[in-house]
>>> print(open('data06.cif').read())   # mmCIF, C-alpha atoms
data_run
#
loop_
_atom_site.label_atom_id
_atom_site.label_comp_id
_atom_site.auth_asym_id
_atom_site.auth_seq_id
_atom_site.Cartn_x
_atom_site.Cartn_y
_atom_site.Cartn_z
CA MET A 259 36.11 108.05 -76.47
CA THR A 260 33.38 110.46 -75.48
CA PRO A 261 33.63 110.80 -71.70
CA THR A 262 30.43 111.35 -69.76
CA ILE A 263 31.04 114.29 -67.45
CA GLY A 264 28.74 115.03 -64.55
CA ILE A 265 28.70 118.43 -62.85
CA LEU A 266 27.12 118.21 -59.41
CA ILE A 267 24.82 121.10 -58.51
CA TYR A 268 22.83 121.74 -55.35
CA ASN A 269 21.09 124.56 -53.51
CA ASP A 270 23.60 127.30 -52.65
CA VAL A 271 26.22 126.01 -55.06
CA GLU A 272 28.47 128.89 -56.15
CA GLU A 273 27.52 129.93 -59.67
CA LEU A 274 30.92 130.42 -61.28
CA ASP A 275 32.31 127.31 -59.54
CA PHE A 276 30.29 125.13 -61.88
CA VAL A 277 29.58 127.34 -64.91
CA GLY A 278 33.31 127.93 -65.45
CA PRO A 279 34.06 124.20 -65.92
CA TRP A 280 30.73 123.77 -67.77
CA GLU A 281 31.81 126.40 -70.33
CA VAL A 282 35.25 124.85 -70.78
CA LEU A 283 33.96 121.30 -71.11
CA THR A 284 31.23 122.06 -73.68
CA PRO A 285 32.97 123.93 -76.49
CA LYS A 286 30.87 124.19 -79.64
CA PRO A 287 31.58 123.64 -82.41
CA LEU A 288 35.19 122.91 -81.55
CA ILE A 289 34.79 119.64 -79.72
CA GLU A 290 31.02 119.40 -79.71
CA ALA A 291 30.98 115.63 -79.90
CA ARG A 292 33.97 115.07 -77.64
CA ASN A 293 32.28 115.35 -74.27
CA HIS A 294 28.86 114.45 -72.96
CA VAL A 295 28.31 116.93 -70.14
CA LEU A 296 25.33 117.19 -67.82
CA THR A 297 24.35 118.85 -64.56
CA ILE A 298 23.23 116.43 -61.85
CA ALA A 299 21.35 117.20 -58.64
CA GLU A 300 19.51 115.19 -56.02
CA THR A 301 16.29 115.72 -57.98
CA THR A 302 15.46 117.50 -61.23
CA ALA A 303 13.63 120.28 -59.39
CA PRO A 304 15.18 123.72 -60.02
CA ILE A 305 18.03 124.56 -57.68
CA ARG A 306 18.80 128.04 -56.37
CA CYS A 307 22.50 128.85 -56.45
CA SER A 308 24.40 130.77 -53.80
CA LYS A 309 23.79 134.19 -55.38
CA GLY A 310 20.24 133.34 -56.45
CA LEU A 311 20.58 132.04 -60.02
CA ARG A 312 17.99 129.32 -60.64
CA VAL A 313 19.08 126.34 -62.73
CA ILE A 314 17.17 123.25 -63.87
CA PRO A 315 19.35 120.12 -63.47
CA ASP A 316 19.71 117.74 -66.41
CA ALA A 317 19.51 114.58 -64.31
CA SER A 318 18.80 113.40 -60.78
CA PHE A 319 20.94 111.11 -58.67
CA ASP A 320 18.54 108.30 -59.57
CA ASP A 321 18.57 108.74 -63.35
CA ALA A 322 22.13 109.95 -64.00
CA PRO A 323 24.15 107.89 -66.49
CA LYS A 324 27.38 106.20 -65.51
CA LEU A 325 30.02 108.93 -65.22
CA ASP A 326 33.65 109.00 -66.34
CA VAL A 327 34.35 112.42 -64.84
CA LEU A 328 32.76 114.19 -61.87
CA VAL A 329 33.10 117.92 -61.12
CA VAL A 330 32.19 118.89 -57.54
CA PRO A 331 31.83 122.67 -57.17
CA GLY A 332 31.76 124.55 -53.88
CA GLY A 333 29.57 127.17 -52.31
CA ARG A 334 27.62 127.65 -49.11
CA GLY A 335 25.57 124.54 -49.80
CA SER A 336 28.70 122.42 -49.41
CA ARG A 337 28.63 123.36 -45.72
CA ALA A 338 24.86 123.13 -45.19
CA ASP A 339 23.11 120.51 -43.07
CA GLY A 340 21.67 118.86 -46.16
CA ARG A 341 25.11 118.12 -47.62
CA HIS A 342 25.15 114.51 -46.45
CA VAL A 343 22.97 113.39 -49.35
CA LEU A 344 25.60 114.89 -51.67
CA VAL A 345 28.45 113.21 -49.78
CA ASP A 346 26.71 109.84 -49.91
CA TRP A 347 26.13 110.13 -53.66
CA ILE A 348 29.72 111.20 -54.33
CA ARG A 349 30.99 108.24 -52.31
CA LYS A 350 28.76 105.93 -54.35
CA VAL A 351 29.82 107.09 -57.82
CA ALA A 352 33.50 107.76 -57.07
CA PRO A 353 34.83 104.22 -57.62
CA GLY A 354 33.73 104.19 -61.29
CA LEU A 355 35.34 107.51 -62.23
CA GLN A 356 38.42 108.13 -64.35
CA TRP A 357 38.71 111.68 -63.04
CA LEU A 358 37.40 113.13 -59.80
CA THR A 359 37.60 116.92 -59.56
CA SER A 360 36.55 119.70 -57.23
CA VAL A 361 36.40 123.48 -57.33
CA CYS A 362 36.73 125.74 -54.30
CA THR A 363 35.02 124.34 -51.18
CA GLY A 364 33.77 121.36 -53.16
CA ALA A 365 36.90 119.73 -51.68
CA PHE A 366 35.08 119.54 -48.34
CA LEU A 367 32.43 117.29 -49.87
CA LEU A 368 35.20 115.02 -51.17
CA GLN A 369 36.84 115.05 -47.74
CA GLU A 370 33.60 114.05 -46.05
CA ALA A 371 33.23 111.26 -48.61
CA GLU A 372 36.69 110.09 -47.43
CA LEU A 373 38.21 110.56 -50.87
CA LEU A 374 41.11 112.85 -49.89
CA GLU A 375 43.08 110.68 -47.45
CA GLY A 376 46.76 110.63 -48.41
CA LYS A 377 46.19 113.03 -51.30
CA ARG A 378 47.65 116.47 -51.89
CA VAL A 379 44.83 118.91 -52.66
CA THR A 380 43.84 122.57 -52.73
CA THR A 381 40.75 124.69 -52.04
CA HIS A 382 39.65 128.35 -51.71
CA TRP A 383 42.34 130.37 -49.91
CA ALA A 384 39.98 131.29 -47.07
CA PHE A 385 39.34 127.59 -46.29
CA ILE A 386 42.83 126.12 -46.51
CA GLU A 387 43.42 126.06 -42.74
CA GLN A 388 40.01 124.56 -42.09
CA LEU A 389 40.71 121.69 -44.48
CA ARG A 390 44.15 121.14 -42.95
CA GLU A 391 42.52 120.84 -39.54
CA ARG A 392 40.71 117.79 -40.93
CA GLY A 393 44.08 116.13 -41.48
CA ILE A 394 44.30 116.79 -45.21
CA ASP A 395 47.49 117.85 -47.02
CA VAL A 396 46.45 121.17 -48.59
CA ALA A 397 48.66 123.16 -50.96
CA ALA A 398 48.40 126.96 -51.01
CA ASP A 399 49.12 129.34 -53.88
CA CYS A 400 48.21 127.06 -56.74
CA ARG A 401 45.26 127.23 -59.13
CA TYR A 402 44.76 123.45 -59.16
CA ILE A 403 46.68 120.36 -58.22
CA GLN A 404 46.61 116.84 -59.63
CA ASP A 405 47.20 113.75 -57.51
CA GLY A 406 46.54 110.65 -59.57
CA ARG A 407 42.99 110.74 -60.88
CA LEU A 408 42.11 113.56 -58.45
CA ILE A 409 42.28 117.23 -59.50
CA THR A 410 41.27 119.84 -56.94
CA SER A 411 41.24 123.56 -57.60
CA ALA A 412 41.35 126.83 -55.71
CA GLY A 413 38.43 129.21 -55.35
CA VAL A 414 35.62 129.99 -57.80
CA SER A 415 37.32 131.14 -61.02
CA ALA A 416 40.13 128.58 -60.60
CA GLY A 417 37.69 125.95 -61.85
CA ILE A 418 38.22 127.39 -65.32
CA ASP A 419 41.96 126.72 -65.16
CA MET A 420 41.34 123.25 -63.76
CA ALA A 421 38.86 122.37 -66.52
CA LEU A 422 41.32 123.53 -69.18
CA TYR A 423 43.99 121.32 -67.63
CA LEU A 424 41.55 118.41 -67.53
CA THR A 425 40.66 119.00 -71.19
CA GLY A 426 44.34 118.76 -72.05
CA GLN A 427 44.65 115.50 -70.14
CA ILE A 428 41.62 113.98 -71.85
CA HIS A 429 41.82 115.41 -75.38
CA GLY A 430 45.36 116.71 -75.70
CA ILE A 431 47.04 120.03 -75.14
CA ASP A 432 46.25 121.42 -78.61
CA VAL A 433 42.54 120.98 -77.99
CA ALA A 434 42.81 122.65 -74.59
CA ARG A 435 44.59 125.60 -76.19
CA GLN A 436 41.85 125.92 -78.81
CA VAL A 437 39.21 125.94 -76.09
CA GLN A 438 41.13 128.55 -74.16
CA ARG A 439 41.26 130.74 -77.26
CA MET A 440 37.55 130.17 -77.95
CA ILE A 441 36.59 131.51 -74.54
CA GLU A 442 39.33 134.19 -74.71
CA TYR A 443 40.78 133.05 -71.41
CA ASP A 444 43.69 135.41 -71.42
CA PRO A 445 42.62 137.44 -68.43
CA ALA A 446 43.84 140.86 -67.45
CA PRO A 447 42.00 141.76 -64.26
CA PRO A 448 41.80 145.50 -63.60
CA TYR A 449 43.06 147.29 -60.51
CA ALA A 450 46.15 145.11 -59.99
CA ASP A 451 47.63 145.61 -56.54
CA GLY A 452 49.85 148.65 -56.50
CA ASN A 453 48.24 150.33 -59.50
CA MET B 157 23.12 153.99 -53.84
CA THR B 158 22.12 150.41 -54.60
CA PRO B 159 22.15 150.15 -58.39
CA THR B 160 19.65 147.83 -60.02
CA ILE B 161 21.59 145.68 -62.47
CA GLY B 162 19.83 143.68 -65.16
CA ILE B 163 21.56 140.81 -66.94
CA LEU B 164 19.80 139.99 -70.20
CA ILE B 165 19.45 136.29 -70.96
CA TYR B 166 17.86 134.53 -73.93
CA ASN B 167 17.86 131.18 -75.67
CA ASP B 168 21.38 130.31 -76.85
CA VAL B 169 23.03 132.93 -74.67
CA GLU B 170 26.61 131.85 -73.88
CA GLU B 171 26.75 130.56 -70.33
CA LEU B 172 29.98 132.11 -69.08
CA ASP B 173 29.19 135.41 -70.85
CA PHE B 174 26.53 136.15 -68.27
CA VAL B 175 27.50 134.01 -65.25
CA GLY B 176 30.94 135.64 -65.08
CA PRO B 177 29.49 139.14 -64.59
CA TRP B 178 26.71 137.68 -62.40
CA GLU B 179 29.32 136.21 -60.04
CA VAL B 180 31.32 139.43 -59.89
CA LEU B 181 28.29 141.65 -59.33
CA THR B 182 26.73 139.56 -56.52
CA PRO B 183 29.49 139.08 -53.96
CA LYS B 184 28.24 137.78 -50.63
CA PRO B 185 28.77 138.71 -47.90
CA LEU B 186 31.22 141.32 -49.10
CA ILE B 187 28.86 143.74 -50.76
CA GLU B 188 25.61 141.85 -50.43
CA ALA B 189 23.48 144.95 -50.12
CA ARG B 190 25.40 147.02 -52.64
CA ASN B 191 23.86 145.73 -55.84
CA HIS B 192 20.42 144.50 -56.79
CA VAL B 193 21.10 142.05 -59.61
CA LEU B 194 18.57 140.08 -61.63
CA THR B 195 18.39 138.08 -64.82
CA ILE B 196 15.84 139.35 -67.33
CA ALA B 197 14.42 137.54 -70.37
CA GLU B 198 11.54 138.09 -72.74
CA THR B 199 9.38 135.90 -70.49
CA THR B 200 10.02 134.09 -67.23
CA ALA B 201 9.90 130.69 -68.96
CA PRO B 202 13.17 128.73 -68.59
CA ILE B 203 15.76 129.59 -71.22
CA ARG B 204 18.22 127.10 -72.71
CA CYS B 205 21.71 128.51 -73.00
CA SER B 206 24.10 127.92 -75.89
CA LYS B 207 25.67 124.79 -74.35
CA GLY B 208 22.39 123.53 -72.91
CA LEU B 209 22.29 124.91 -69.36
CA ARG B 210 18.69 125.70 -68.42
CA VAL B 211 18.09 128.85 -66.37
CA ILE B 212 14.91 130.37 -64.94
CA PRO B 213 14.89 134.17 -65.44
CA ASP B 214 14.14 136.43 -62.49
CA ALA B 215 11.98 138.85 -64.46
CA SER B 216 10.41 139.31 -67.88
CA PHE B 217 10.66 142.36 -70.13
CA ASP B 218 7.19 143.35 -68.90
CA ASP B 219 7.83 143.11 -65.15
CA ALA B 220 11.51 144.14 -64.89
CA PRO B 221 12.22 147.05 -62.56
CA LYS B 222 13.83 150.24 -63.80
CA LEU B 223 17.51 149.47 -64.42
CA ASP B 224 20.63 151.48 -63.66
CA VAL B 225 22.99 149.01 -65.33
CA LEU B 226 22.41 146.57 -68.18
CA VAL B 227 24.71 143.65 -69.08
CA VAL B 228 24.15 142.23 -72.58
CA PRO B 229 25.97 138.90 -73.02
CA GLY B 230 26.63 137.20 -76.34
CA GLY B 231 26.17 133.75 -77.75
CA ARG B 232 24.53 132.16 -80.77
CA GLY B 233 21.16 133.61 -79.77
CA SER B 234 22.49 137.10 -80.42
CA ARG B 235 22.61 136.17 -84.11
CA ALA B 236 19.33 134.22 -84.26
CA ASP B 237 16.22 135.33 -86.12
CA GLY B 238 14.41 135.98 -82.85
CA ARG B 239 16.94 138.58 -81.72
CA HIS B 240 14.84 141.53 -82.78
CA VAL B 241 12.70 141.32 -79.67
CA LEU B 242 15.93 141.63 -77.65
CA VAL B 243 17.13 144.56 -79.75
CA ASP B 244 13.81 146.38 -79.36
CA TRP B 245 13.88 145.92 -75.58
CA ILE B 246 17.50 147.10 -75.29
CA ARG B 247 16.65 150.19 -77.33
CA LYS B 248 13.71 150.89 -75.03
CA VAL B 249 15.59 150.64 -71.71
CA ALA B 250 18.92 152.13 -72.82
CA PRO B 251 18.06 155.83 -72.30
CA GLY B 252 17.51 155.34 -68.55
CA LEU B 253 20.79 153.54 -67.87
CA GLN B 254 23.85 154.84 -66.08
CA TRP B 255 25.98 152.02 -67.53
CA LEU B 256 25.39 149.99 -70.65
CA THR B 257 27.67 146.97 -71.03
CA SER B 258 28.17 144.01 -73.33
CA VAL B 259 30.16 140.81 -73.32
CA CYS B 260 31.42 139.03 -76.45
CA THR B 261 28.91 139.14 -79.35
CA GLY B 262 26.42 140.95 -77.14
CA ALA B 263 27.91 144.00 -78.87
CA PHE B 264 26.00 143.04 -82.02
CA LEU B 265 22.70 143.46 -80.17
CA LEU B 266 23.82 146.92 -79.08
CA GLN B 267 24.85 147.73 -82.64
CA GLU B 268 21.46 146.66 -83.99
CA ALA B 269 19.84 148.84 -81.33
CA GLU B 270 21.89 151.71 -82.80
CA LEU B 271 23.74 152.31 -79.54
CA LEU B 272 27.32 152.00 -80.86
CA GLU B 273 27.45 154.84 -83.41
CA GLY B 274 30.54 156.98 -82.81
CA LYS B 275 31.71 154.78 -79.97
CA ARG B 276 34.91 152.76 -79.60
CA VAL B 277 34.05 149.20 -78.64
CA THR B 278 35.31 145.61 -78.60
CA THR B 279 33.90 142.10 -79.05
CA HIS B 280 35.03 138.45 -79.38
CA TRP B 281 38.20 138.26 -81.49
CA ALA B 282 36.51 136.07 -84.11
CA PHE B 283 33.83 138.73 -84.72
CA ILE B 284 35.87 141.93 -84.80
CA GLU B 285 35.96 142.20 -88.59
CA GLN B 286 32.25 141.50 -88.87
CA LEU B 287 31.43 144.33 -86.47
CA ARG B 288 33.81 146.67 -88.31
CA GLU B 289 31.95 145.89 -91.54
CA ARG B 290 28.90 147.43 -89.89
CA GLY B 291 30.78 150.72 -89.62
CA ILE B 292 31.69 150.42 -85.95
CA ASP B 293 35.10 151.40 -84.50
CA VAL B 294 36.25 148.11 -82.92
CA ALA B 295 39.42 147.78 -80.84
CA ALA B 296 41.36 144.51 -80.88
CA ASP B 297 43.57 143.03 -78.18
CA CYS B 298 41.82 144.50 -75.16
CA ARG B 299 39.72 142.77 -72.51
CA TYR B 300 37.19 145.61 -72.32
CA ILE B 301 36.94 149.22 -73.35
CA GLN B 302 35.03 152.12 -71.84
CA ASP B 303 33.57 154.94 -73.90
CA GLY B 304 31.47 157.18 -71.70
CA ARG B 305 28.74 155.14 -70.04
CA LEU B 306 29.37 152.24 -72.47
CA ILE B 307 31.69 149.35 -71.56
CA THR B 308 32.09 146.54 -74.09
CA SER B 309 34.22 143.48 -73.53
CA ALA B 310 35.96 140.79 -75.52
CA GLY B 311 34.88 137.16 -75.67
CA VAL B 312 33.24 135.01 -72.98
CA SER B 313 35.61 135.12 -69.98
CA ALA B 314 36.42 138.80 -70.61
CA GLY B 315 33.06 139.63 -69.05
CA ILE B 316 34.65 138.85 -65.67
CA ASP B 317 37.32 141.50 -66.19
CA MET B 318 34.72 143.99 -67.42
CA ALA B 319 32.46 143.39 -64.41
CA LEU B 320 35.39 143.89 -62.04
CA TYR B 321 36.18 147.17 -63.78
CA LEU B 322 32.53 148.21 -63.54
CA THR B 323 32.49 147.32 -59.83
CA GLY B 324 35.45 149.62 -59.34
CA GLN B 325 33.69 152.44 -61.17
CA ILE B 326 30.51 152.03 -59.12
CA HIS B 327 31.83 151.07 -55.67
CA GLY B 328 35.51 152.00 -55.76
CA ILE B 329 38.71 150.19 -56.56
CA ASP B 330 39.17 148.70 -53.07
CA VAL B 331 35.81 146.95 -53.32
CA ALA B 332 36.66 145.63 -56.78
CA ARG B 333 39.93 144.24 -55.45
CA GLN B 334 38.12 142.51 -52.59
CA VAL B 335 35.68 140.93 -55.04
CA GLN B 336 38.55 139.80 -57.22
CA ARG B 337 40.19 138.16 -54.21
CA MET B 338 36.90 136.56 -53.13
CA ILE B 339 36.55 134.81 -56.49
CA GLU B 340 40.31 134.15 -56.66
CA TYR B 341 40.53 135.80 -60.05
CA ASP B 342 44.26 135.48 -60.40
CA PRO B 343 44.22 133.11 -63.33
CA ALA B 344 47.05 130.95 -64.53
CA PRO B 345 45.75 129.09 -67.57
CA PRO B 346 47.66 125.88 -68.30
CA TYR B 347 49.36 125.03 -71.57
CA ALA B 348 50.59 128.54 -72.34
CA ASP B 349 51.72 128.86 -75.96
CA GLY B 350 55.23 127.58 -76.34
CA ASN B 351 55.17 125.48 -73.19
#
>>> encode(input="data06.cif", output="structure tokens")
Amino acid sequence: MTPTIGILIYNDVEELDFVGPWEVLTPKPLIEARNHVLTIAETTAPIRCSKGLRVIPDASFDDAPKLDVLVVPGGRGSRADGRHVLVDWIRKVAPGLQWLTSVCTGAFLLQEAELLEGKRVTTHWAFIEQLRERGIDVAADCRYIQDGRLITSAGVSAGIDMALYLTGQIHGIDVARQVQRMIEYDPAPPYADGN
Amino acid sequence: MTPTIGILIYNDVEELDFVGPWEVLTPKPLIEARNHVLTIAETTAPIRCSKGLRVIPDASFDDAPKLDVLVVPGGRGSRADGRHVLVDWIRKVAPGLQWLTSVCTGAFLLQEAELLEGKRVTTHWAFIEQLRERGIDVAADCRYIQDGRLITSAGVSAGIDMALYLTGQIHGIDVARQVQRMIEYDPAPPYADGN
């Protein structure tokens, strides 16, 4: 099986929210033929990300192929007035998915699409209370959390961990470990607290 | 001081190699006005990254402003025939820099620009021997290494750690810690060896 994986992008999407999973899900030459991954936006016009990076989407909502996996990243655009077109599209494609995932505040788009009811989820630490106030069961202090076919992750860089977990679920743990080694994801952030 | 930070991009640049540092160096609203960060390519035509992401550069070699910091990411394009135009440009701008940095196989572009002689550096684990064969002193098993104004990092995701370290050197450790918390860079990769 070669799953078709769509990564939603939109104006003011957070850059690392979607490029982290993109990098994990497109490992060459390791599993080059194992995933079909594309960025999808409302139109194929260039989008401007939250910090200003400009990206040309691979497909529009109208011409996207049928998806097996959807990644919904966060960023300021997930809270912008124009988000309803994103929410409507997510609601439309969700029933056909094998895996529905979010990174950071992308969880708010899933909530507005009414896809989080009765699920245990997570989001960026600074937005956990806000999501709880919408009646959602939000876990703190985890990088990602699976509930059935739904995997939500914490803020920004946590999308990398989530995508590695997803890779293991789809292709097996050995493949996920090889991808992790390929991208040298064995982080040692500097300036640890107390140092 | 607001340093001007250029991130070199080119066809077949590795996506996370440059988006990781981009994310770290552009934190909003935390230090929005503290850095001026832009992507720079040979021309402003869209580039196609190693895994297919298409990005529109902010500036070309001809119209880029004077840089204080340069980030040179890696990827297949760093080994392509057309790399010499990148090497020539790096050699030209290097003397004016306060910090010269690389991610992953970006170190090979610096080596070809003759900027690594007598320096201790690192690169992606799979390319360490190849860089040593060029007479360079390459450290293994570190995320990044500083030698004077030069900071080189290991593969792909290690650029995030390097950019956090650089942020601490430019703006102070407290700022770097805030950025780290903003992007929730407290990774817990799944499927640890032996689990």
>>> resolve_selection(input="data06.cif", expression="the PyMOL selection byres ((chain A) within 7 of (chain B))", output="number ranges by chain")
A: 273-274, 277-278, 281, 284, 309, 312-314, 401, 413-416, 419, 422-423, 431, 435, 441-443, 445-449
>>> closest_residue(input="data06.cif", among="B:Glu289, B:Asp244, B:Glu198, B:Glu268", to="Ile163 (chain B)", atoms="all atoms listed in the file")
B:Glu198
>>> resolve_selection(input="data06.cif", expression="the PyMOL selection byres ((chain A and resi 259) around 12)", output="list in words")
Thr260, Pro261, Thr262, Ala291, Arg292, Asn293, His294, Asp326, Ile428 and His429 of chain A
>>> write_last_selection(input="data06.cif", atoms="C-alpha atoms", output="short mmCIF file (atom, residue, chain, number, x, y, z; two decimals), keeping the file's coordinate frame")
data_model
loop_
_atom_site.label_atom_id
_atom_site.label_comp_id
_atom_site.auth_asym_id
_atom_site.auth_seq_id
_atom_site.Cartn_x
_atom_site.Cartn_y
_atom_site.Cartn_z
CA THR A 260 33.38 110.46 -75.48
CA PRO A 261 33.63 110.80 -71.70
CA THR A 262 30.43 111.35 -69.76
CA ALA A 291 30.98 115.63 -79.90
CA ARG A 292 33.97 115.07 -77.64
CA ASN A 293 32.28 115.35 -74.27
CA HIS A 294 28.86 114.45 -72.96
CA ASP A 326 33.65 109.00 -66.34
CA ILE A 428 41.62 113.98 -71.85
CA HIS A 429 41.82 115.41 -75.38
#
>>> resolve_selection(input="data06.cif", expression="the PyMOL selection byres ((chain B and resi 273) around 12)", output="list of chain:residue names")
B:Ala263, B:Phe264, B:Leu266, B:Gln267, B:Glu268, B:Ala269, B:Glu270, B:Leu271, B:Leu272, B:Gly274, B:Lys275, B:Arg276, B:Val277, B:Leu287, B:Arg288, B:Arg290, B:Gly291, B:Ile292, B:Asp293, B:Val294, B:Asp303, B:Leu306
>>> atom_distance(input="data06.cif", atom1="CA of Pro331 (chain A)", atom2="CA of Gln334 (chain B)")
21.3 Å
>>> residues_around(input="data06.cif", residues="Ala352 (chain A)", least_positions_apart="2", cutoff="10 Å", atoms="only C-alpha atoms", output="PyMOL selection string")
chain A and resi 325-328+347-350+354-358+368+371+373
>>> atom_distance(input="data06.cif", atom1="CA of Val437 (chain A)", atom2="CA of Val335 (chain B)")
26.1 Å
>>> atom_distance(input="data06.cif", atom1="CA of Ala338 (chain A)", atom2="CA of Ala215 (chain B)")
28.0 Å
>>> closest_residue(input="data06.cif", among="A:Asp320, A:Tyr268, A:Ile386, A:Arg407", to="Val345 (chain A)", atoms="all atoms listed in the file")
A:Tyr268
>>> axis_aligned_box(input="data06.cif", around="region 269-288 of chain B", padding_each_side="8 Å", output="AutoDock Vina command-line options")
--center_x 29.0 --center_y 146.5 --center_z -83.7 --size_x 34.4 --size_y 36.9 --size_z 26.3
>>> residues_near_point(input="data06.cif", point="(28.2, 144.9, -70.8)", cutoff="7 Å", atoms="only C-alpha atoms", output="compact mmCIF listing (two decimals) with C-alpha atoms, in the frame of the given file")
# COMPACT_ATOMS: atom_id res chain seq x y z
CA LEU B 226 22.41 146.57 -68.18
CA VAL B 227 24.71 143.65 -69.08
CA VAL B 228 24.15 142.23 -72.58
CA PRO B 229 25.97 138.90 -73.02
CA LEU B 256 25.39 149.99 -70.65
CA THR B 257 27.67 146.97 -71.03
CA SER B 258 28.17 144.01 -73.33
CA VAL B 259 30.16 140.81 -73.32
CA ILE B 307 31.69 149.35 -71.56
CA THR B 308 32.09 146.54 -74.09
CA SER B 309 34.22 143.48 -73.53
>>> closest_residue(input="data06.cif", among="B:Val169, B:Cys205, B:His240, B:Asp219", to="Gly262 (chain B)", atoms="only C-alpha atoms")
B:Val169
>>> closest_residue(input="data06.cif", among="B:Arg239, B:Ile196, B:Arg232, B:Asn167", to="Ser216 (chain B)", atoms="all atoms listed in the file")
B:Ile196
>>> closest_residue(input="data06.cif", among="B:Gly231, B:Thr279, B:Lys222, B:Ile161", to="Pro251 (chain B)", atoms="all atoms listed in the file")
B:Lys222
>>> build_atoms(input="data06.cif", residues="region 323-341 of chain B", atoms="N, CA and C atoms", output="PDB file, in the coordinates of the input")
ATOM      1  N   THR B 323      32.606 147.274 -61.298  1.00  0.00           N
ATOM      2  CA  THR B 323      32.490 147.320 -59.830  1.00  0.00           C
ATOM      3  C   THR B 323      33.366 148.438 -59.266  1.00  0.00           C
ATOM      4  N   GLY B 324      34.564 148.552 -59.790  1.00  0.00           N
ATOM      5  CA  GLY B 324      35.450 149.620 -59.340  1.00  0.00           C
ATOM      6  C   GLY B 324      34.902 150.997 -59.641  1.00  0.00           C
ATOM      7  N   GLN B 325      34.260 151.137 -60.800  1.00  0.00           N
ATOM      8  CA  GLN B 325      33.690 152.440 -61.170  1.00  0.00           C
ATOM      9  C   GLN B 325      32.494 152.787 -60.294  1.00  0.00           C
ATOM     10  N   ILE B 326      31.722 151.780 -59.912  1.00  0.00           N
ATOM     11  CA  ILE B 326      30.510 152.030 -59.120  1.00  0.00           C
ATOM     12  C   ILE B 326      30.826 152.144 -57.631  1.00  0.00           C
ATOM     13  N   HIS B 327      31.640 151.189 -57.127  1.00  0.00           N
ATOM     14  CA  HIS B 327      31.830 151.070 -55.670  1.00  0.00           C
ATOM     15  C   HIS B 327      33.245 151.404 -55.201  1.00  0.00           C
ATOM     16  N   GLY B 328      34.136 151.679 -56.125  1.00  0.00           N
ATOM     17  CA  GLY B 328      35.510 152.000 -55.760  1.00  0.00           C
ATOM     18  C   GLY B 328      36.459 150.836 -55.980  1.00  0.00           C
ATOM     19  N   ILE B 329      37.704 151.176 -56.180  1.00  0.00           N
ATOM     20  CA  ILE B 329      38.710 150.190 -56.560  1.00  0.00           C
ATOM     21  C   ILE B 329      38.957 149.179 -55.432  1.00  0.00           C
ATOM     22  N   ASP B 330      38.921 149.634 -54.171  1.00  0.00           N
ATOM     23  CA  ASP B 330      39.170 148.700 -53.070  1.00  0.00           C
ATOM     24  C   ASP B 330      38.117 147.598 -53.038  1.00  0.00           C
ATOM     25  N   VAL B 331      36.875 147.964 -53.288  1.00  0.00           N
ATOM     26  CA  VAL B 331      35.810 146.950 -53.320  1.00  0.00           C
ATOM     27  C   VAL B 331      36.052 145.982 -54.471  1.00  0.00           C
ATOM     28  N   ALA B 332      36.405 146.513 -55.627  1.00  0.00           N
ATOM     29  CA  ALA B 332      36.660 145.630 -56.780  1.00  0.00           C
ATOM     30  C   ALA B 332      37.788 144.656 -56.481  1.00  0.00           C
ATOM     31  N   ARG B 333      38.820 145.135 -55.799  1.00  0.00           N
ATOM     32  CA  ARG B 333      39.930 144.240 -55.450  1.00  0.00           C
ATOM     33  C   ARG B 333      39.481 143.148 -54.480  1.00  0.00           C
ATOM     34  N   GLN B 334      38.626 143.527 -53.538  1.00  0.00           N
ATOM     35  CA  GLN B 334      38.120 142.510 -52.590  1.00  0.00           C
ATOM     36  C   GLN B 334      37.294 141.448 -53.322  1.00  0.00           C
ATOM     37  N   VAL B 335      36.479 141.896 -54.265  1.00  0.00           N
ATOM     38  CA  VAL B 335      35.680 140.930 -55.040  1.00  0.00           C
ATOM     39  C   VAL B 335      36.607 140.009 -55.823  1.00  0.00           C
ATOM     40  N   GLN B 336      37.613 140.607 -56.437  1.00  0.00           N
ATOM     41  CA  GLN B 336      38.550 139.800 -57.220  1.00  0.00           C
ATOM     42  C   GLN B 336      39.207 138.727 -56.345  1.00  0.00           C
ATOM     43  N   ARG B 337      39.544 139.124 -55.119  1.00  0.00           N
ATOM     44  CA  ARG B 337      40.190 138.160 -54.210  1.00  0.00           C
ATOM     45  C   ARG B 337      39.202 137.098 -53.763  1.00  0.00           C
ATOM     46  N   MET B 338      37.946 137.509 -53.552  1.00  0.00           N
ATOM     47  CA  MET B 338      36.900 136.560 -53.130  1.00  0.00           C
ATOM     48  C   MET B 338      36.714 135.446 -54.174  1.00  0.00           C
ATOM     49  N   ILE B 339      36.738 135.821 -55.444  1.00  0.00           N
ATOM     50  CA  ILE B 339      36.550 134.810 -56.490  1.00  0.00           C
ATOM     51  C   ILE B 339      37.885 134.267 -57.000  1.00  0.00           C
ATOM     52  N   GLU B 340      38.955 134.596 -56.303  1.00  0.00           N
ATOM     53  CA  GLU B 340      40.310 134.150 -56.660  1.00  0.00           C
ATOM     54  C   GLU B 340      40.594 134.346 -58.142  1.00  0.00           C
ATOM     55  N   TYR B 341      40.313 135.562 -58.624  1.00  0.00           N
ATOM     56  CA  TYR B 341      40.530 135.800 -60.050  1.00  0.00           C
ATOM     57  C   TYR B 341      41.970 136.246 -60.277  1.00  0.00           C
TER      58      TYR B 341
END
